[in-house]
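Participant: Quick one, protein.txt (compact mmCIF, C-alpha atoms and all ligand atoms):
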```txt
# COMPACT_ATOMS: atom_id res chain seq x y z
CA MET T 105 145.92 39.94 89.04
CA ALA T 106 144.25 40.07 85.65
CA SER T 107 143.94 43.51 84.20
CA ALA T 108 140.65 45.30 84.83
CA PRO T 109 138.00 44.91 82.16
CA ALA T 110 137.79 47.82 79.75
CA ALA T 111 134.02 48.14 80.10
CA SER T 112 134.23 51.00 82.59
CA ALA T 113 136.91 52.97 80.74
CA HIS T 114 136.30 56.07 78.70
CA ASP T 115 136.14 55.63 74.98
CA GLU T 116 139.23 56.66 73.07
CA LEU T 117 139.94 58.28 69.74
CA VAL T 118 141.18 55.36 67.63
CA SER T 119 141.69 57.03 64.26
CA SER T 120 141.23 60.33 62.49
CA ASN T 121 141.12 61.79 59.03
CA PRO T 122 143.18 63.98 58.69
CA ARG T 123 145.79 62.16 60.74
CA THR T 124 147.95 63.96 63.27
CA ASN T 125 150.38 66.33 61.50
CA GLU T 126 149.17 65.20 58.07
CA ARG T 127 150.10 67.67 55.32
CA PHE T 128 147.75 68.47 52.43
CA SER T 129 148.54 70.16 49.15
CA SER T 130 144.83 70.84 48.72
CA ALA T 131 142.61 71.38 51.72
CA PRO T 132 140.49 68.54 53.14
CA SER T 133 136.72 69.05 53.06
CA SER T 134 135.93 67.42 56.39
CA VAL T 135 137.35 66.04 59.60
CA ALA T 136 136.29 62.55 60.70
CA LEU T 137 137.08 61.14 64.13
CA ARG T 138 136.49 57.48 64.99
CA PHE T 139 136.19 56.42 68.61
CA SER T 140 136.38 53.05 70.32
CA ALA T 141 132.61 52.90 70.90
CA PRO T 142 129.46 54.70 69.70
CA LEU T 143 129.24 58.20 71.18
CA LEU T 144 126.20 59.57 72.96
CA LYS T 145 124.19 61.90 70.75
CA ILE T 146 124.72 64.96 72.90
CA GLY T 147 127.36 67.60 73.36
CA ASN T 148 129.67 66.42 70.57
CA GLU T 149 131.71 69.19 69.00
CA ILE T 150 134.63 69.53 66.60
CA ARG T 151 136.31 72.88 66.04
CA VAL T 152 139.04 73.40 63.45
CA VAL T 153 140.93 76.57 64.25
CA ASP T 154 143.82 78.39 62.59
CA ALA T 155 146.58 80.37 64.30
CA ALA T 156 144.20 83.35 64.63
CA SER T 157 141.62 81.14 66.40
CA THR T 158 139.23 81.37 63.46
CA ASN T 159 136.98 78.32 63.41
CA TRP T 160 136.75 76.84 59.87
CA VAL T 161 133.96 74.32 60.38
CA ARG T 162 130.82 74.59 58.27
CA GLY T 163 127.48 73.21 59.41
CA GLU T 164 126.82 70.57 62.01
CA ALA T 165 128.92 67.58 62.90
CA VAL T 166 127.29 64.31 61.86
CA LEU T 167 127.43 61.34 64.22
CA ALA T 168 127.29 57.81 62.81
CA ARG T 169 127.79 55.42 65.74
CA GLU T 170 131.46 55.78 66.70
CA THR T 171 132.40 58.22 63.93
CA LEU T 172 131.87 61.96 64.17
CA THR T 173 132.31 63.89 60.90
CA GLN T 174 132.54 67.67 60.67
CA PRO T 175 132.39 69.42 57.26
CA LEU T 176 134.84 72.26 56.72
CA SER T 177 134.63 75.51 54.81
CA PRO T 178 135.79 75.02 51.23
CA ASP T 179 139.33 75.95 50.28
CA LEU T 180 141.05 76.43 53.61
CA PRO T 181 143.98 78.79 53.03
CA PRO T 182 147.50 77.40 53.55
CA GLY T 183 148.56 77.13 57.17
CA GLU T 184 148.34 75.05 60.29
CA TYR T 185 144.96 73.97 61.62
CA GLN T 186 144.20 72.50 65.00
CA VAL T 187 141.33 70.04 65.42
CA ARG T 188 139.80 70.50 68.86
CA TRP T 189 137.21 67.90 69.74
CA ARG T 190 134.97 67.29 72.69
CA VAL T 191 132.58 64.35 72.72
CA VAL T 192 130.52 62.36 75.18
CA SER T 193 131.85 58.86 75.65
CA SER T 194 129.49 55.88 75.66
CA ASP T 195 129.83 55.76 79.45
CA GLY T 196 128.45 59.32 79.69
CA HIS T 197 131.76 61.02 80.40
CA ALA T 198 132.96 63.96 78.31
CA ILE T 199 136.36 63.44 76.73
CA ASN T 200 138.39 65.85 74.61
CA GLY T 201 141.60 66.29 72.73
CA SER T 202 143.34 68.17 69.96
CA TYR T 203 145.80 67.65 67.12
CA SER T 204 147.08 69.59 64.13
CA PHE T 205 147.20 69.18 60.38
CA LEU T 206 148.78 71.33 57.68
CA VAL T 207 147.64 72.79 54.38
CA GLY T 208 150.29 73.90 51.89
CA ALA T 209 154.04 73.63 51.95
CA GLY T 210 155.06 76.56 54.11
CA SER T 211 153.62 76.04 57.55
CA ARG T 212 155.06 74.04 60.41
CA SER T 213 153.14 72.06 62.99
CA GLY T 214 153.23 73.22 66.59
CA SER T 215 152.59 76.95 66.18
CA ILE T 216 149.09 76.72 67.62
CA PRO T 217 149.13 76.08 71.35
CA ALA T 218 147.05 73.11 72.46
CA PRO T 219 144.00 73.96 74.52
CA GLY T 220 144.70 73.99 78.23
CA PRO T 221 142.35 73.02 81.05
CA ALA T 222 139.21 75.12 81.35
CA THR T 223 140.08 77.26 84.33
CA LYS T 224 138.56 80.64 83.45
CA ALA T 225 134.99 81.34 84.40
CA THR T 226 133.17 83.03 81.55
CA SER T 227 129.79 84.68 81.40
CA GLY T 228 128.74 83.59 77.94
CA PRO T 229 128.93 80.78 75.43
CA ALA T 230 132.06 80.17 73.40
CA ASP T 231 130.66 82.00 70.38
CA ALA T 232 130.27 85.19 72.43
CA VAL T 233 134.04 85.59 72.71
CA GLN T 234 135.06 88.53 70.58
CA PRO T 235 137.23 87.74 67.56
CA GLY T 236 140.76 88.75 68.33
CA ALA T 237 140.25 88.62 72.06
CA ASP T 238 143.15 86.85 73.69
CA VAL T 239 141.03 84.10 75.19
CA PRO T 240 141.62 80.44 74.38
CA ALA T 241 138.57 79.02 72.62
CA GLN T 242 138.27 76.22 75.11
CA ALA T 243 138.22 78.49 78.16
CA SER T 244 134.48 78.91 77.87
CA ALA T 245 133.77 75.34 76.89
CA LEU T 246 131.65 73.30 79.25
CA PRO T 247 133.81 71.27 81.62
CA GLY T 248 133.23 67.55 81.56
CA TRP T 249 131.42 67.49 84.89
CA ALA T 250 128.92 70.04 83.59
CA VAL T 251 128.17 67.96 80.51
CA ALA T 252 127.76 64.91 82.73
CA ALA T 253 125.47 66.88 85.04
CA VAL T 254 123.30 68.00 82.14
CA ILE T 255 123.01 64.46 80.86
CA GLY T 256 122.17 63.26 84.34
CA ALA T 257 119.55 65.98 84.74
CA ILE T 258 117.94 65.19 81.39
CA GLY T 259 117.93 61.49 82.16
CA GLY T 260 116.45 62.07 85.61
CA VAL T 261 113.81 64.62 84.65
CA ALA T 262 112.67 63.26 81.30
CA PRO T 263 110.43 60.49 82.72
CA TYR T 264 108.57 63.02 84.90
CA LEU T 265 108.12 65.46 82.03
CA LEU T 266 106.87 62.64 79.84
CA TRP T 267 104.52 61.44 82.60
CA GLY T 268 103.10 64.94 83.02
CA PHE T 269 102.69 65.34 79.26
CA VAL T 270 100.88 62.04 78.91
CA GLY T 271 98.67 62.99 81.87
CA ARG T 272 97.70 66.29 80.27
CA VAL T 273 96.95 64.66 76.94
CA ARG T 274 94.72 62.10 78.65
CA LYS T 275 92.86 64.82 80.58
CA SER T 276 92.32 67.00 77.56
CA THR T 277 91.16 64.00 75.56
CA ARG T 278 88.60 63.11 78.22
CA SER T 279 87.31 66.66 78.68
CA GLY T 280 86.93 66.93 74.94
CA ASP T 281 84.46 64.04 74.82
CU CU T 301 134.35 57.27 81.46
```
Output the structure of this file as structure tokens.
Ligand SMILES: [Cu+2]

Facilitator:
Amino acid sequence: MASAPAASAHDELVSSNPRTNERFSSAPSSVALRFSAPLLKIGNEIRVVDAASTNWVRGEAVLARETLTQPLSPDLPPGEYQVRWRVVSSDGHAINGSYSFLVGAGSRSGSIPAPGPATKATSGPADAVQPGADVPAQASALPGWAVAAVIGAIGGVAPYLLWGFVGRVRKSTRSGD
């Protein structure tokens, strides 16, 4: 049998800057991730955390087709940083992953545990987790099925909302005559 076509597969991370376990003498100013196909423009997130779970990103991630770029705070102090990404693949599925890079000579890779599966139910968004609380950052992240459900809901409801909006505009235009 021929191998199955790749059309139905999730997209994959094909390259990154920084690379996995790359070591910098001076801190990088951004993280750029390139995927195997253009991402959907929804729910894409890159976090860059240190061993204390501080997130060092600054501003919004910028999506350009298959490349998602996240600016970082200037002058990251020496240490290990873990890039934790979650994006929505071109087939509508959420995919995620993580890898580390190093700033300065002293640190070693592997001291930051990789995010595990999202098993804990949480009552608030990720940013509501108290600093210093012993909760993995990804525990409150939306699971993939939830992201897919939101996309499905938006896609299913949008035409009706648009229809209703157009209808109201038409009515108000007529009554204004
Ligand atoms: Cu998929």

Participant: I want to know what sits within 9 Å of T:Ile216, based on all atoms listed in the file, with residues of the same chain fewer than 5 positions away left out; could you give that as a compact mmCIF listing (two decimals) with C-alpha atoms, keeping the file's coordinate frame?

Facilitator:
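For reference, selection06.txt as written:
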```txt
# COMPACT_ATOMS: atom_id res chain seq x y z
CA VAL T 153 140.93 76.57 64.25
CA ASP T 154 143.82 78.39 62.59
CA ALA T 155 146.58 80.37 64.30
CA ALA T 156 144.20 83.35 64.63
CA SER T 157 141.62 81.14 66.40
CA GLU T 184 148.34 75.05 60.29
CA TYR T 185 144.96 73.97 61.62
CA GLN T 186 144.20 72.50 65.00
CA SER T 204 147.08 69.59 64.13
```

Participant: Write out as CSV a residue-level contact list of chain T versus ligand CU 301 (chain T) with cut-off 9 Å: for each qualifying residue the closest pair of atoms and the distance in Å to one decimal, counting all atoms listed in the file, rows sorted by chain and residue number upward.

Facilitator:
```
residue,atom,partner,partner_atom,distance
T:Ser112,CA,T:CU301,CU,6.4
T:Ala113,CA,T:CU301,CU,5.1
T:His114,CA,T:CU301,CU,3.6
T:Asp115,CA,T:CU301,CU,6.9
T:Val192,CA,T:CU301,CU,8.9
T:Ser193,CA,T:CU301,CU,6.5
T:Ser194,CA,T:CU301,CU,7.7
T:Asp195,CA,T:CU301,CU,5.2
T:Gly196,CA,T:CU301,CU,6.5
T:His197,CA,T:CU301,CU,4.7
T:Ala198,CA,T:CU301,CU,7.5
T:Ile199,CA,T:CU301,CU,8.0
```

Participant: What does the distance between atom CA of T:Leu206 and atom CA of T:Ala141 come to in Å, to one decimal place?

Facilitator: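 Distance between the two atoms: 27.9 Å.
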
Participant: Kindly give the distance, in Å, that separates atom CA of T:Val191 and atom CA of T:Arg212, rounded to a single decimal.

Facilitator: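 Straight-line distance from atom CA of T:Val191 to atom CA of T:Arg212 works out to 27.4 Å.
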
Participant: Do a neighbour search on stretch 167-181 of chain T at 9 Å with all atoms listed in the file, toss out local chain neighbours closer than 3 positions, and write the hits as an MDAnalysis selection string.

Facilitator: chainID T and resid 130:145 148:152 160:164 191 207:208

Participant: Could you please determine the separation between atom CA of T:Glu116 and atom CA of T:Asn159 in Å, to one decimal place?

Facilitator: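 Computed distance, atom CA of T:Glu116 to atom CA of T:Asn159, equals 23.8 Å.
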
Participant: Nearest residue to T:Asn125 out of T:Gly220, T:Pro182, T:Gly214, T:Gly147, using only C-alpha atoms?

Facilitator: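 Closest residue, counting only C-alpha atoms: T:Gly214.
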